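Undergrad: Can you read through this structure? Questions will come right after.
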Amino acid sequence: IVEALQGSGEALVQEGKTPDRWVNKWGKWVTQPVESQIDPQLIHQVVSQTIQISQAYGAPVDLEWVYNGQELYWVQLRPITNLDKVNIYSNRISKEVFPGMIKPLVWSVNVPLVNSAWIHLFTQLIGKNDLQPNELAHSFAYRAYFNMGVIGQIFNMLGFPKESLELLMGMQGGDDRPRFRPSQKTLRHLPRMLVFAVKLLGIGPKIMPAIQQIRVECTTFQAQALQNIDETSLLADIERLYLINKKAAYFNIVAPLLMGFYNLIFKRQLSSVGVDFSAFDLTYGLTELQHYDPNPSLHKLATQYNQIMEEPGYSHFAISGNLNDSNFRESFRKEVDDFILQFGHLSDSGNDFSSIPWREDRPLVFQMIQSEAHRQMETGLEPVNTNRMHQVEGQPGKLGQPDSKMTWESLKLSPLKRLRMGPAYRRARQFRLYRDAISFTYTYGYGLFRIYFLELGRRLVKRSLLEKPEDIFYLSWDEVKASILPEVLPSQESEENNYADLVAKRKREMVSNRDLILPEIIYGTKLPPLQNPDQLGDTRQGIPSSGGYYRGPAKVIRSISEFG
């Protein structure tokens, strides 16, 4: 991270001028000023020499420098102390997993569930340890942050770069990524690491059977009539569901990690023959993916919808959208029912069981069908199925429109190179399928928590502890258990009228924290001073999706239902 301004240091210290800021990650500029009087080549030189100085010193350093127009002078060096003692929390990965704010019940179930799976993985790698699920994550203003300090220490212990998790997850950065260099630490842990690697790399054949077993176990929960079950049995069922989801969470971590690993290998092999990975269609012909992707089914339903709307007497349904109307095409209604049966557990966030799933919002499903139907009508395009695209006859290596990506079949490779690259290609495809399959299954099982907790919420409403069933999501899991079994958890016991007050307090906090701007990195567990957007005037900052500027109103879309 480089900060600099023109002139002497007095402008920075006494006049309080804001310096320009550059962030370089692994050789790539992650942050740069839009305009600066300072020569970019000078900043590049500062970055390069900072890395050299830090390596020579053997630790992270805080440096000061000056430039007289000809020479760069380094004038001060201080070690950045306490980095190993202070937890470093980052939302770089968690904001992809948990987009937005997290209600207390979701947090109190998800953190031990997912982090226990991570700890199981780390234990296989490093042996017995004292790691606790709550150590690996922290909630700031109801947002999730992962403790990258602890995770980095684990990788460092093994002789890996502390950024290894980011590398495996394919996070942003340039080509100067940290490289693995074996050390004494590596050799000391080598036997355990080899056993771990053999187990992990051999896990592929176990994933699909595990998915099938998890799905079968989950169906027993779906079939129960919960209103006939007593509260103690509901709690027992939730605990049993937790154990099933814990197993799914482990595979839901391992499959993406291995997919990233095999993608990296295949990406390098493609690069060696001059092919960009982003221009390659890895899933070409992988029709099994459609089982886990709602888009092909939505395309098909939209096509059927347009055909029905063209028939006499049906056009008014395009406005009413009443699928329950007795006159509406029965076969189409059945197709929609089948779609909801297959994909109804999906929602705005697969990691938030308080989020309303599609099966509880049929009008939303119909809106999605209408939206796709309108797209087809306006563009005149048939639904796109990237898994069934054909090659243009007589033009080897050129794929049909609209997405002309290269495929394995169209690559111009010698037989020897095709033989050498084949295993990595097949494994990358295989684990892409595994990743989607386990993610789909985990979301299905995890979403069942919602059904059980809402039933408990209805019981608490009857006892006047809550105003409505959905308020249960603003309690923690321990508080829910205490409300049902106060004699078992006396330390969590609250007076009956306190639950509603607690829910109201947390709702107010979430509303007041909703628009806060949180930093990507937080040191320690104390929340730093934060900005609210209204303090920034008319300026909005972010990562642009295209070059140039545009001034106008911004609309924030918080869920699929707001796309209209």
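Identifiers in the structure tokens: chain A, B, ... in order shown; residue index from 1 per chain; ligand index from 1 in order shown.
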Just list the residues in stretch 8-203 of chain A DSSP gives strand (DSSP E) on the backbone, as a ChimeraX atom specification.
TA: /A:20-25,28-31,61-67,72-79,88-90,137-140,143-147
Undergrad: Give me, please, the distance in Å between atom CA of A:Tyr145 and atom CA of A:Gly524, quoted to one decimal.
TA: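 Atom-to-atom, atom CA of A:Tyr145 to atom CA of A:Gly524, that is 11.2 Å.
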Undergrad: Where does DSSP see alpha helix (DSSP H) in stretch 338-465 of chain A, if you list the residues as a compact mmCIF listing (two decimals) with N, CA and C atoms, in the first residue's frame?
TA:
```
# COMPACT_ATOMS: atom_id res chain seq x y z
N ASP A 338 -43.47 -28.62 -11.06
CA ASP A 338 -42.26 -29.44 -11.13
C ASP A 338 -41.01 -28.58 -10.94
N PHE A 339 -41.03 -27.39 -11.53
CA PHE A 339 -39.90 -26.46 -11.37
C PHE A 339 -39.72 -26.10 -9.90
N ILE A 340 -40.82 -25.78 -9.22
CA ILE A 340 -40.74 -25.40 -7.80
C ILE A 340 -40.31 -26.58 -6.95
N LEU A 341 -40.76 -27.78 -7.33
CA LEU A 341 -40.34 -28.98 -6.60
C LEU A 341 -38.82 -29.17 -6.70
N GLN A 342 -38.26 -28.87 -7.88
CA GLN A 342 -36.83 -29.06 -8.10
C GLN A 342 -36.00 -27.91 -7.53
N PHE A 343 -36.46 -26.68 -7.75
CA PHE A 343 -35.64 -25.50 -7.42
C PHE A 343 -36.25 -24.60 -6.35
N ARG A 362 -44.59 -18.10 -5.02
CA ARG A 362 -44.95 -18.49 -6.40
C ARG A 362 -45.08 -17.28 -7.33
N PRO A 363 -45.61 -16.14 -6.87
CA PRO A 363 -45.66 -14.97 -7.77
C PRO A 363 -44.28 -14.57 -8.28
N LEU A 364 -43.26 -14.72 -7.43
CA LEU A 364 -41.90 -14.38 -7.87
C LEU A 364 -41.45 -15.33 -8.98
N VAL A 365 -41.76 -16.62 -8.83
CA VAL A 365 -41.41 -17.60 -9.87
C VAL A 365 -42.08 -17.22 -11.18
N PHE A 366 -43.36 -16.83 -11.09
CA PHE A 366 -44.08 -16.44 -12.30
C PHE A 366 -43.46 -15.18 -12.92
N GLN A 367 -43.03 -14.24 -12.08
CA GLN A 367 -42.36 -13.02 -12.58
C GLN A 367 -41.09 -13.38 -13.34
N MET A 368 -40.33 -14.35 -12.81
CA MET A 368 -39.11 -14.76 -13.49
C MET A 368 -39.42 -15.38 -14.85
N ILE A 369 -40.48 -16.18 -14.91
CA ILE A 369 -40.89 -16.79 -16.19
C ILE A 369 -41.30 -15.69 -17.17
N GLN A 370 -42.12 -14.75 -16.69
CA GLN A 370 -42.55 -13.65 -17.55
C GLN A 370 -41.37 -12.83 -18.05
N SER A 371 -40.44 -12.55 -17.16
CA SER A 371 -39.28 -11.74 -17.52
C SER A 371 -38.48 -12.41 -18.64
N GLU A 372 -38.26 -13.72 -18.52
CA GLU A 372 -37.52 -14.45 -19.55
C GLU A 372 -38.34 -14.53 -20.83
N ALA A 373 -39.67 -14.67 -20.69
CA ALA A 373 -40.54 -14.72 -21.87
C ALA A 373 -40.49 -13.40 -22.64
N HIS A 374 -40.50 -12.28 -21.91
CA HIS A 374 -40.41 -10.97 -22.55
C HIS A 374 -39.06 -10.80 -23.24
N ARG A 375 -38.02 -11.30 -22.60
CA ARG A 375 -36.69 -11.20 -23.22
C ARG A 375 -36.67 -11.94 -24.56
N GLN A 376 -37.24 -13.14 -24.55
CA GLN A 376 -37.28 -13.92 -25.79
C GLN A 376 -38.10 -13.21 -26.87
N MET A 377 -39.21 -12.60 -26.48
CA MET A 377 -40.06 -11.92 -27.45
C MET A 377 -39.38 -10.67 -28.01
N GLU A 378 -38.75 -9.89 -27.12
CA GLU A 378 -38.15 -8.62 -27.53
C GLU A 378 -36.91 -8.83 -28.40
N THR A 379 -36.12 -9.84 -28.06
CA THR A 379 -34.87 -10.05 -28.78
C THR A 379 -35.03 -11.00 -29.95
N PRO A 415 -1.47 -34.75 -30.58
CA PRO A 415 -1.95 -35.89 -29.79
C PRO A 415 -1.25 -36.01 -28.44
N LEU A 416 0.04 -35.70 -28.40
CA LEU A 416 0.80 -35.81 -27.15
C LEU A 416 0.31 -34.78 -26.13
N LYS A 417 0.10 -33.53 -26.58
CA LYS A 417 -0.37 -32.49 -25.67
C LYS A 417 -1.80 -32.77 -25.20
N ARG A 418 -2.61 -33.29 -26.10
CA ARG A 418 -3.99 -33.63 -25.71
C ARG A 418 -3.99 -34.73 -24.65
N LEU A 419 -3.06 -35.67 -24.80
CA LEU A 419 -2.93 -36.75 -23.82
C LEU A 419 -2.45 -36.20 -22.48
N ARG A 420 -1.51 -35.23 -22.55
CA ARG A 420 -0.95 -34.67 -21.31
C ARG A 420 -1.95 -33.77 -20.59
N MET A 421 -2.73 -33.01 -21.33
CA MET A 421 -3.66 -32.06 -20.73
C MET A 421 -5.01 -32.69 -20.37
N GLY A 422 -5.29 -33.86 -20.90
CA GLY A 422 -6.59 -34.51 -20.70
C GLY A 422 -6.97 -34.72 -19.24
N PRO A 423 -6.08 -35.27 -18.40
CA PRO A 423 -6.47 -35.52 -17.00
C PRO A 423 -6.89 -34.25 -16.26
N ALA A 424 -6.13 -33.15 -16.43
CA ALA A 424 -6.48 -31.91 -15.75
C ALA A 424 -7.81 -31.36 -16.26
N TYR A 425 -8.05 -31.47 -17.57
CA TYR A 425 -9.32 -31.01 -18.16
C TYR A 425 -10.50 -31.79 -17.58
N ARG A 426 -10.36 -33.10 -17.53
CA ARG A 426 -11.47 -33.94 -17.05
C ARG A 426 -11.73 -33.70 -15.55
N ARG A 427 -10.66 -33.55 -14.78
CA ARG A 427 -10.86 -33.31 -13.34
C ARG A 427 -11.48 -31.93 -13.09
N ALA A 428 -11.05 -30.92 -13.85
CA ALA A 428 -11.62 -29.58 -13.69
C ALA A 428 -13.13 -29.60 -13.98
N ARG A 429 -13.51 -30.31 -15.04
CA ARG A 429 -14.94 -30.45 -15.38
C ARG A 429 -15.68 -31.25 -14.31
N GLN A 430 -15.06 -32.32 -13.89
CA GLN A 430 -15.69 -33.20 -12.90
C GLN A 430 -15.97 -32.44 -11.60
N PHE A 431 -14.99 -31.66 -11.15
CA PHE A 431 -15.18 -30.96 -9.87
C PHE A 431 -16.06 -29.73 -10.03
N ARG A 432 -16.19 -29.21 -11.24
CA ARG A 432 -17.19 -28.16 -11.46
C ARG A 432 -18.59 -28.75 -11.23
N LEU A 433 -18.80 -29.97 -11.74
CA LEU A 433 -20.08 -30.65 -11.52
C LEU A 433 -20.28 -30.96 -10.04
N TYR A 434 -19.21 -31.48 -9.39
CA TYR A 434 -19.31 -31.79 -7.96
C TYR A 434 -19.64 -30.54 -7.15
N ARG A 435 -18.98 -29.41 -7.51
CA ARG A 435 -19.21 -28.18 -6.77
C ARG A 435 -20.68 -27.75 -6.85
N ASP A 436 -21.24 -27.78 -8.06
CA ASP A 436 -22.63 -27.38 -8.22
C ASP A 436 -23.58 -28.36 -7.53
N ALA A 437 -23.25 -29.64 -7.60
CA ALA A 437 -24.13 -30.66 -7.00
C ALA A 437 -24.17 -30.55 -5.48
N ILE A 438 -23.00 -30.38 -4.86
CA ILE A 438 -22.99 -30.31 -3.39
C ILE A 438 -23.53 -28.97 -2.92
N SER A 439 -23.27 -27.90 -3.67
CA SER A 439 -23.83 -26.59 -3.29
C SER A 439 -25.36 -26.64 -3.33
N PHE A 440 -25.91 -27.26 -4.37
CA PHE A 440 -27.35 -27.40 -4.53
C PHE A 440 -27.93 -28.22 -3.37
N THR A 441 -27.26 -29.32 -3.03
CA THR A 441 -27.74 -30.20 -1.97
C THR A 441 -27.62 -29.55 -0.60
N TYR A 442 -26.49 -28.86 -0.38
CA TYR A 442 -26.29 -28.17 0.90
C TYR A 442 -27.36 -27.08 1.09
N THR A 443 -27.65 -26.33 0.04
CA THR A 443 -28.67 -25.29 0.12
C THR A 443 -30.04 -25.89 0.43
N TYR A 444 -30.31 -27.05 -0.14
CA TYR A 444 -31.58 -27.74 0.13
C TYR A 444 -31.69 -28.13 1.60
N GLY A 445 -30.65 -28.81 2.12
CA GLY A 445 -30.69 -29.25 3.51
C GLY A 445 -30.65 -28.09 4.49
N TYR A 446 -29.84 -27.10 4.17
CA TYR A 446 -29.69 -25.93 5.05
C TYR A 446 -31.00 -25.14 5.10
N GLY A 447 -31.72 -25.09 3.98
CA GLY A 447 -32.99 -24.37 3.95
C GLY A 447 -34.07 -24.99 4.82
N LEU A 448 -33.90 -26.27 5.19
CA LEU A 448 -34.89 -26.92 6.04
C LEU A 448 -34.90 -26.33 7.45
N PHE A 449 -33.80 -25.71 7.86
CA PHE A 449 -33.79 -25.04 9.17
C PHE A 449 -34.94 -24.03 9.24
N ARG A 450 -35.19 -23.35 8.12
CA ARG A 450 -36.23 -22.32 8.11
C ARG A 450 -37.59 -22.89 8.50
N ILE A 451 -37.94 -24.05 7.96
CA ILE A 451 -39.25 -24.66 8.23
C ILE A 451 -39.40 -24.97 9.71
N TYR A 452 -38.34 -25.52 10.30
CA TYR A 452 -38.41 -25.91 11.72
C TYR A 452 -38.41 -24.70 12.64
N PHE A 453 -37.56 -23.71 12.33
CA PHE A 453 -37.51 -22.54 13.21
C PHE A 453 -38.80 -21.72 13.10
N LEU A 454 -39.41 -21.65 11.93
CA LEU A 454 -40.68 -20.93 11.82
C LEU A 454 -41.78 -21.63 12.63
N GLU A 455 -41.73 -22.96 12.66
CA GLU A 455 -42.69 -23.69 13.49
C GLU A 455 -42.47 -23.37 14.96
N LEU A 456 -41.21 -23.34 15.40
CA LEU A 456 -40.93 -22.93 16.78
C LEU A 456 -41.37 -21.49 17.00
N GLY A 457 -41.17 -20.64 15.99
CA GLY A 457 -41.60 -19.24 16.10
C GLY A 457 -43.10 -19.15 16.32
N ARG A 458 -43.89 -20.00 15.64
CA ARG A 458 -45.33 -20.00 15.83
C ARG A 458 -45.69 -20.40 17.27
N ARG A 459 -44.94 -21.35 17.82
CA ARG A 459 -45.19 -21.76 19.21
C ARG A 459 -44.91 -20.60 20.17
N LEU A 460 -43.81 -19.85 19.89
CA LEU A 460 -43.45 -18.73 20.77
C LEU A 460 -44.45 -17.59 20.65
N VAL A 461 -45.07 -17.44 19.47
CA VAL A 461 -46.12 -16.43 19.30
C VAL A 461 -47.33 -16.80 20.15
N LYS A 462 -47.69 -18.09 20.14
CA LYS A 462 -48.83 -18.55 20.95
C LYS A 462 -48.59 -18.29 22.44
```
Undergrad: Of the candidates A:His120, A:Lys28, A:Lys526, A:Lys507, which one gets nearest to A:Val86 if we count only C-alpha atoms?
TA: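 Selected residue with least distance to A:Val86: A:Lys526.
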